[in-house]
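Dumped structure_28.cif below, it's mmCIF, C-alpha atoms and all ligand atoms:
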```
data_coords
loop_
_atom_site.group_PDB
_atom_site.id
_atom_site.type_symbol
_atom_site.label_atom_id
_atom_site.label_comp_id
_atom_site.auth_asym_id
_atom_site.auth_seq_id
_atom_site.Cartn_x
_atom_site.Cartn_y
_atom_site.Cartn_z
ATOM 1 C CA MET Z 1 0.000 0.000 0.000
ATOM 2 C CA ALA Z 2 1.193 3.495 -0.791
ATOM 3 C CA SER Z 3 2.650 5.734 1.881
ATOM 4 C CA ASP Z 4 4.825 8.834 1.757
ATOM 5 C CA SER Z 5 8.421 9.031 3.010
ATOM 6 C CA THR Z 6 7.328 9.737 6.607
ATOM 7 C CA GLY Z 7 5.117 6.661 6.679
ATOM 8 C CA THR Z 8 1.871 8.623 6.455
ATOM 9 C CA PRO Z 9 -0.608 6.439 4.581
ATOM 10 C CA GLU Z 10 -1.643 7.690 1.171
ATOM 11 C CA PRO Z 11 -4.396 5.308 0.129
ATOM 12 C CA ASP Z 12 -5.581 5.864 -3.424
ATOM 13 C CA SER Z 13 -8.773 3.846 -3.328
ATOM 14 C CA PRO Z 14 -11.612 3.414 -0.822
ATOM 15 C CA GLU Z 15 -10.480 -0.188 -0.296
ATOM 16 C CA GLU Z 16 -6.958 0.921 0.613
ATOM 17 C CA LEU Z 17 -8.359 3.587 2.921
ATOM 18 C CA LEU Z 18 -10.276 0.901 4.792
ATOM 19 C CA ALA Z 19 -7.244 -1.355 4.992
ATOM 20 C CA TRP Z 20 -5.102 1.473 6.427
ATOM 21 C CA ALA Z 21 -7.842 2.455 8.889
ATOM 22 C CA ARG Z 22 -8.129 -1.103 10.173
ATOM 23 C CA THR Z 23 -4.370 -1.351 10.553
ATOM 24 C CA TYR Z 24 -4.281 1.990 12.356
ATOM 25 C CA ALA Z 25 -7.088 0.952 14.720
ATOM 26 C CA ARG Z 26 -4.908 -1.860 16.073
ATOM 27 C CA THR Z 27 -2.346 0.714 17.220
ATOM 28 C CA VAL Z 28 -4.849 2.744 19.288
ATOM 29 C CA ASP Z 29 -4.594 2.014 23.010
ATOM 30 C CA ILE Z 30 -8.243 1.313 23.800
ATOM 31 C CA ASP Z 31 -10.008 -1.801 25.079
ATOM 32 C CA VAL Z 32 -12.147 -2.555 22.026
ATOM 33 C CA ASP Z 33 -12.745 -6.031 20.593
ATOM 34 C CA LEU Z 34 -11.803 -5.185 17.019
ATOM 35 C CA ASP Z 35 -12.917 -8.605 15.785
ATOM 36 C CA ALA Z 36 -16.450 -7.519 16.652
ATOM 37 C CA VAL Z 37 -16.166 -4.205 14.782
ATOM 38 C CA GLY Z 38 -17.327 -3.945 11.185
ATOM 39 C CA TRP Z 39 -15.866 -1.443 8.723
ATOM 40 C CA ASP Z 40 -17.352 0.333 5.759
ATOM 41 C CA VAL Z 41 -16.451 3.251 3.527
ATOM 42 C CA SER Z 42 -19.006 5.682 2.163
ATOM 43 C CA LYS Z 43 -18.347 7.145 -1.261
ATOM 44 C CA HIS Z 44 -21.284 9.531 -0.945
ATOM 45 C CA ALA Z 45 -21.149 11.296 2.428
ATOM 46 C CA ARG Z 46 -19.388 14.473 1.353
ATOM 47 C CA ARG Z 47 -18.633 16.302 4.537
ATOM 48 C CA ARG Z 48 -19.110 13.912 7.361
ATOM 49 C CA ALA Z 49 -15.757 12.445 8.336
ATOM 50 C CA GLY Z 50 -17.105 9.233 9.767
ATOM 51 C CA ALA Z 51 -19.874 7.531 11.635
ATOM 52 C CA CYS Z 52 -20.379 4.708 14.033
ATOM 53 C CA ARG Z 53 -23.406 2.541 13.293
ATOM 54 C CA TYR Z 54 -24.768 0.221 15.909
ATOM 55 C CA ASP Z 55 -27.556 -2.254 16.197
ATOM 56 C CA HIS Z 56 -28.133 -5.120 18.544
ATOM 57 C CA ASP Z 57 -27.821 -7.830 15.913
ATOM 58 C CA ASP Z 58 -24.853 -6.591 13.917
ATOM 59 C CA GLY Z 59 -22.958 -4.720 16.609
ATOM 60 C CA VAL Z 60 -20.711 -1.783 15.749
ATOM 61 C CA THR Z 61 -19.719 -0.694 12.244
ATOM 62 C CA ILE Z 62 -17.308 2.190 11.691
ATOM 63 C CA VAL Z 63 -18.073 4.045 8.459
ATOM 64 C CA LEU Z 64 -15.405 6.274 6.907
ATOM 65 C CA SER Z 65 -15.927 8.895 4.218
ATOM 66 C CA TRP Z 66 -13.827 8.679 1.062
ATOM 67 C CA HIS Z 67 -14.620 12.300 0.181
ATOM 68 C CA SER Z 68 -13.562 13.481 3.601
ATOM 69 C CA TYR Z 69 -10.204 11.712 3.193
ATOM 70 C CA ARG Z 70 -9.744 13.235 -0.274
ATOM 71 C CA ALA Z 71 -10.559 16.701 1.047
ATOM 72 C CA HIS Z 72 -8.744 16.645 4.395
ATOM 73 C CA GLY Z 73 -6.156 13.880 4.246
ATOM 74 C CA TRP Z 74 -5.098 11.024 6.435
ATOM 75 C CA ALA Z 75 -4.822 12.976 9.705
ATOM 76 C CA GLU Z 76 -8.560 13.545 9.717
ATOM 77 C CA VAL Z 77 -9.206 9.867 9.023
ATOM 78 C CA ALA Z 78 -6.973 8.942 11.968
ATOM 79 C CA ASP Z 79 -8.890 11.414 14.180
ATOM 80 C CA THR Z 80 -12.143 9.887 12.994
ATOM 81 C CA VAL Z 81 -10.986 6.335 13.673
ATOM 82 C CA ARG Z 82 -10.029 7.230 17.262
ATOM 83 C CA HIS Z 83 -13.334 9.052 17.787
ATOM 84 C CA GLU Z 84 -15.404 6.184 16.410
ATOM 85 C CA LEU Z 85 -13.379 3.644 18.414
ATOM 86 C CA VAL Z 86 -14.499 5.478 21.546
ATOM 87 C CA HIS Z 87 -18.100 4.985 20.421
ATOM 88 C CA ALA Z 88 -17.339 1.302 19.766
ATOM 89 C CA TRP Z 89 -15.804 1.040 23.242
ATOM 90 C CA GLU Z 90 -18.927 2.542 24.843
ATOM 91 C CA PHE Z 91 -21.228 0.284 22.838
ATOM 92 C CA GLN Z 92 -19.225 -2.799 23.773
ATOM 93 C CA GLN Z 93 -18.880 -1.889 27.440
ATOM 94 C CA PHE Z 94 -22.241 -0.259 28.133
ATOM 95 C CA GLY Z 95 -24.561 -1.099 25.229
ATOM 96 C CA GLU Z 96 -25.021 2.554 24.299
ATOM 97 C CA SER Z 97 -22.980 5.577 23.330
ATOM 98 C CA GLY Z 98 -23.219 9.335 23.141
ATOM 99 C CA HIS Z 99 -20.976 12.347 23.724
ATOM 100 C CA GLY Z 100 -21.378 12.563 27.490
ATOM 101 C CA PRO Z 101 -18.745 12.787 30.258
ATOM 102 C CA ARG Z 102 -17.856 9.073 29.965
ATOM 103 C CA PHE Z 103 -17.264 9.499 26.237
ATOM 104 C CA GLU Z 104 -15.199 12.644 26.801
ATOM 105 C CA ARG Z 105 -12.916 10.997 29.362
ATOM 106 C CA GLN Z 106 -12.197 8.082 27.053
ATOM 107 C CA ALA Z 107 -11.805 10.391 24.044
ATOM 108 C CA ASP Z 108 -9.238 12.427 25.983
ATOM 109 C CA ALA Z 109 -7.378 9.234 26.917
ATOM 110 C CA VAL Z 110 -6.771 8.398 23.239
ATOM 111 C CA ASP Z 111 -6.494 12.044 22.150
ATOM 112 C CA ALA Z 112 -9.606 11.752 19.987
ATOM 113 C CA PRO Z 113 -11.761 14.708 18.985
ATOM 114 C CA ARG Z 114 -14.781 14.950 21.281
ATOM 115 C CA HIS Z 115 -17.228 15.861 18.544
ATOM 116 C CA CYS Z 116 -18.450 14.109 15.424
ATOM 117 C CA GLU Z 117 -18.906 16.045 12.253
ATOM 118 C CA PRO Z 118 -22.539 17.044 11.988
ATOM 119 C CA PHE Z 119 -24.623 14.562 10.069
ATOM 120 C CA ALA Z 120 -26.092 16.831 7.423
ATOM 121 C CA ASP Z 121 -24.223 19.048 5.005
ATOM 122 C CA PRO Z 122 -24.607 22.665 6.099
ATOM 123 C CA ARG Z 123 -26.521 24.921 3.702
ATOM 124 C CA TYR Z 124 -24.333 27.884 4.657
ATOM 125 C CA VAL Z 125 -20.785 28.280 5.891
ATOM 126 C CA LEU Z 126 -19.674 31.415 7.762
ATOM 127 C CA ARG Z 127 -15.992 32.285 7.262
ATOM 128 C CA CYS Z 128 -13.940 34.995 8.951
ATOM 129 C CA ARG Z 129 -12.467 37.565 6.549
ATOM 130 C CA THR Z 130 -9.257 38.056 8.543
ATOM 131 C CA ASP Z 131 -6.168 36.426 7.030
ATOM 132 C CA GLY Z 132 -4.912 33.785 9.399
ATOM 133 C CA CYS Z 133 -8.154 33.509 11.391
ATOM 134 C CA SER Z 134 -9.565 30.032 10.853
ATOM 135 C CA TRP Z 135 -12.994 30.675 12.403
ATOM 136 C CA ARG Z 136 -15.784 28.828 10.613
ATOM 137 C CA ALA Z 137 -19.391 28.129 11.506
ATOM 138 C CA ARG Z 138 -21.999 25.979 9.822
ATOM 139 C CA ARG Z 139 -25.631 26.931 9.459
ATOM 140 C CA TYR Z 140 -28.470 24.702 8.353
ATOM 141 C CA ARG Z 141 -31.134 27.369 7.962
ATOM 142 C CA ALA Z 142 -31.248 31.014 6.985
ATOM 143 C CA SER Z 143 -30.960 32.478 10.478
ATOM 144 C CA LYS Z 144 -30.107 36.163 11.091
ATOM 145 C CA THR Z 145 -26.392 35.362 11.046
ATOM 146 C CA VAL Z 146 -26.941 34.220 7.443
ATOM 147 C CA THR Z 147 -29.351 36.909 6.215
ATOM 148 C CA GLU Z 148 -27.817 39.876 8.124
ATOM 149 C CA PRO Z 149 -24.114 39.067 8.491
ATOM 150 C CA ALA Z 150 -23.135 42.744 8.756
ATOM 151 C CA ARG Z 151 -24.777 42.822 12.198
ATOM 152 C CA TYR Z 152 -22.611 40.004 13.609
ATOM 153 C CA ARG Z 153 -18.902 39.278 13.986
ATOM 154 C CA CYS Z 154 -16.386 36.425 13.859
ATOM 155 C CA GLY Z 155 -16.564 34.314 17.021
ATOM 156 C CA ASP Z 156 -12.771 34.351 17.464
ATOM 157 C CA CYS Z 157 -11.328 37.695 16.420
ATOM 158 C CA GLY Z 158 -14.407 39.919 16.195
ATOM 159 C CA ALA Z 159 -13.892 40.855 12.529
ATOM 160 C CA ARG Z 160 -16.462 40.731 9.741
ATOM 161 C CA TYR Z 161 -17.223 37.388 8.115
ATOM 162 C CA VAL Z 162 -18.641 36.220 4.801
ATOM 163 C CA VAL Z 163 -21.459 33.752 4.294
ATOM 164 C CA GLU Z 164 -21.136 31.117 1.595
ATOM 165 C CA HIS Z 165 -24.129 29.352 0.083
ATOM 166 C CA ALA Z 166 -22.670 25.834 0.084
ATOM 167 C CA GLY Z 167 -24.639 24.593 -2.921
ATOM 168 C CA SER Z 168 -23.428 27.340 -5.281
ATOM 169 C CA GLY Z 169 -20.297 28.759 -3.648
ATOM 170 C CA ARG Z 170 -21.823 32.280 -3.869
ATOM 171 C CA THR Z 171 -20.927 34.583 -0.975
ATOM 172 C CA TRP Z 172 -22.184 37.786 0.652
ATOM 173 C CA ASP Z 173 -21.428 39.844 3.743
ATOM 174 C CA ASP Z 174 -24.539 41.953 4.273
ATOM 175 C CA GLY Z 175 -28.328 41.797 3.978
ATOM 176 C CA ALA Z 176 -28.406 43.347 0.493
ATOM 177 C CA GLY Z 177 -25.890 40.774 -0.710
ATOM 178 C CA TYR Z 178 -28.008 37.982 0.679
ATOM 179 C CA GLU Z 179 -31.098 39.283 -1.132
ATOM 180 C CA ARG Z 180 -29.147 39.699 -4.377
ATOM 181 C CA VAL Z 181 -27.642 36.199 -4.366
ATOM 182 C CA ARG Z 182 -30.958 34.684 -3.384
ATOM 183 C CA ALA Z 183 -32.727 36.438 -6.281
ATOM 184 C CA GLU Z 184 -30.016 35.530 -8.784
ATOM 185 C CA LEU Z 185 -29.995 31.854 -7.822
ATOM 186 C CA GLY Z 186 -33.768 31.512 -8.011
ATOM 187 C CA ASP Z 187 -34.612 27.843 -8.186
ATOM 188 C CA ASP Z 188 -30.996 26.887 -7.487
ATOM 189 C CA TRP Z 189 -31.242 28.335 -3.971
HETATM 190 ZN ZN ZN Z 201 -19.326 10.869 17.946
HETATM 191 ZN ZN ZN Z 202 -11.848 35.912 12.843
#
```

Encoded form using structure tokens:
Amino acid sequence: MASDSTGTPEPDSPEELLAWARTYARTVDIDVDLDAVGWDVSKHARRRAGACRYDHDDGVTIVLSWHSYRAHGWAEVADTVRHELVHAWEFQQFGESGHGPRFERQADAVDAPRHCEPFADPRYVLRCRTDGCSWRARRYRASKTVTEPARYRCGDCGARYVVEHAGSGRTWDDGAGYERVRAELGDDW
């Protein structure tokens, strides 16, 4: 399987991504019965990095996103694997899983992100205009922060931000811009 000179995996197919993820999972220091964990790769989920499916008959299946790997690289896949392994651990130990204090303690123990990517693709993405400020926020409906962005500020540095309509890539930073883009897109909104 392909990897770069530092040993970072560079899978070039969904099947290789799965193989690397399963290999990586064995290196994570967590008490999970990996033989009881199923693996799958989604070629459709565009933004969600991963998911942990569970039912009483089939047990736990960790689902990775090929698009997320292509967009964000191996490091995000590794983060996702550790996060979903914590869910698998909770399911195996307690028969249920969430993002409560028990999850957070175990996530911290394996240096996993505490939060899953949200399930749905956001309709709007808010982005700070300051160079070097990485503040982003996702919105699923046209709230005031989407329709009147001039009245609000970046959550990190306090500067202005732009709103992007995720489906078209069109952006605006005030109420008039929102109205204009909305009118121009018409049925594509
Ligand atoms: Zn989660
Ligand atoms: Zn900012």

*Please, which residues have at least one atom within 7 Å of an atom of ligand ZN 202 (chain Z), using only C-alpha atoms and all ligand atoms, listed as an MDAnalysis selection string?*
chainID Z and resid 128:130 133:135 154:159

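When atom CA of Gly98 of chain Z is paired with atom ZN of ligand ZN 201 (chain Z), their separation reads 6.7 Å.
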
query = Can I get the residues close to ligand ZN 201 (chain Z) as a PyMOL selection string, where close means within 7 Å and we count all atoms listed in the file?
reply = chain Z and resi 83-84+87+98-99+114-116

How about saving the chosen residues, C-alpha atoms kept, as a CSV table (one decimal), in the frame of the given file?
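Contents of again_10.csv, freshly written:
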```csv
chain,number,residue,atom,x,y,z
Z,83,HIS,CA,-13.3,9.1,17.8
Z,84,GLU,CA,-15.4,6.2,16.4
Z,87,HIS,CA,-18.1,5.0,20.4
Z,98,GLY,CA,-23.2,9.3,23.1
Z,99,HIS,CA,-21.0,12.3,23.7
Z,114,ARG,CA,-14.8,15.0,21.3
Z,115,HIS,CA,-17.2,15.9,18.5
Z,116,CYS,CA,-18.4,14.1,15.4
```

Evaluate the PyMOL selection byres (((chain Z and resi 60) around 8) and not hetatm) here and jot the selected residues down as a list in words. Ala36, Val37, Gly38, Cys52, Arg53, Tyr54, Asp55, Asp58, Gly59, Thr61, Ile62, Ala88 and Phe91 of chain Z

One decimal, in Å: what's the spacing between atom CA of Glu76 of chain Z and atom CA of Glu96 of chain Z?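 Separation between atom CA of Glu76 of chain Z and atom CA of Glu96 of chain Z: 24.6 Å.
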
Resolved residues for the PyMOL selection byres (((chain Z and resi 172) around 12) and not hetatm) as a PyMOL selection string: chain Z and resi 124-127+129+145-150+160-166+169-171+173-182

Once the PyMOL selection byres (((chain Z and resi 82) around 12) and not hetatm) has been evaluated on this model, what residues remain selected, and can you format them as a ChimeraX atom specification? /Z:21-22,24-32,49-52,62,64,75-81,83-89,103,106-116

message = Quick check, in Å to one decimal: how far apart do atom CA of Ala19 of chain Z and atom CA of Arg70 of chain Z lie?
response =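 Atom-to-atom, atom CA of Ala19 of chain Z and atom CA of Arg70 of chain Z are spaced 15.7 Å apart.
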
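All residues that come within 8 Å of the coordinates (-4.2, 9.1, 1.5), counting only C-alpha atoms, are given as Z:Ser3, Z:Thr8, Z:Pro9, Z:Glu10, Z:Pro11, Z:Asp12, Z:Leu17, Z:Tyr69, Z:Arg70, Z:Gly73, Z:Trp74.
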
Writing out the chosen residues with C-alpha atoms as a PDB file, in the frame of the given file:
```pdb
ATOM      1  CA  SER Z   3       2.650   5.734   1.881  1.00  0.00           C
ATOM      2  CA  THR Z   8       1.871   8.623   6.455  1.00  0.00           C
ATOM      3  CA  PRO Z   9      -0.608   6.439   4.581  1.00  0.00           C
ATOM      4  CA  GLU Z  10      -1.643   7.690   1.171  1.00  0.00           C
ATOM      5  CA  PRO Z  11      -4.396   5.308   0.129  1.00  0.00           C
ATOM      6  CA  ASP Z  12      -5.581   5.864  -3.424  1.00  0.00           C
ATOM      7  CA  LEU Z  17      -8.359   3.587   2.921  1.00  0.00           C
ATOM      8  CA  TYR Z  69     -10.204  11.712   3.193  1.00  0.00           C
ATOM      9  CA  ARG Z  70      -9.744  13.235  -0.274  1.00  0.00           C
ATOM     10  CA  GLY Z  73      -6.156  13.880   4.246  1.00  0.00           C
ATOM     11  CA  TRP Z  74      -5.098  11.024   6.435  1.00  0.00           C
TER      12      TRP Z  74
END
```
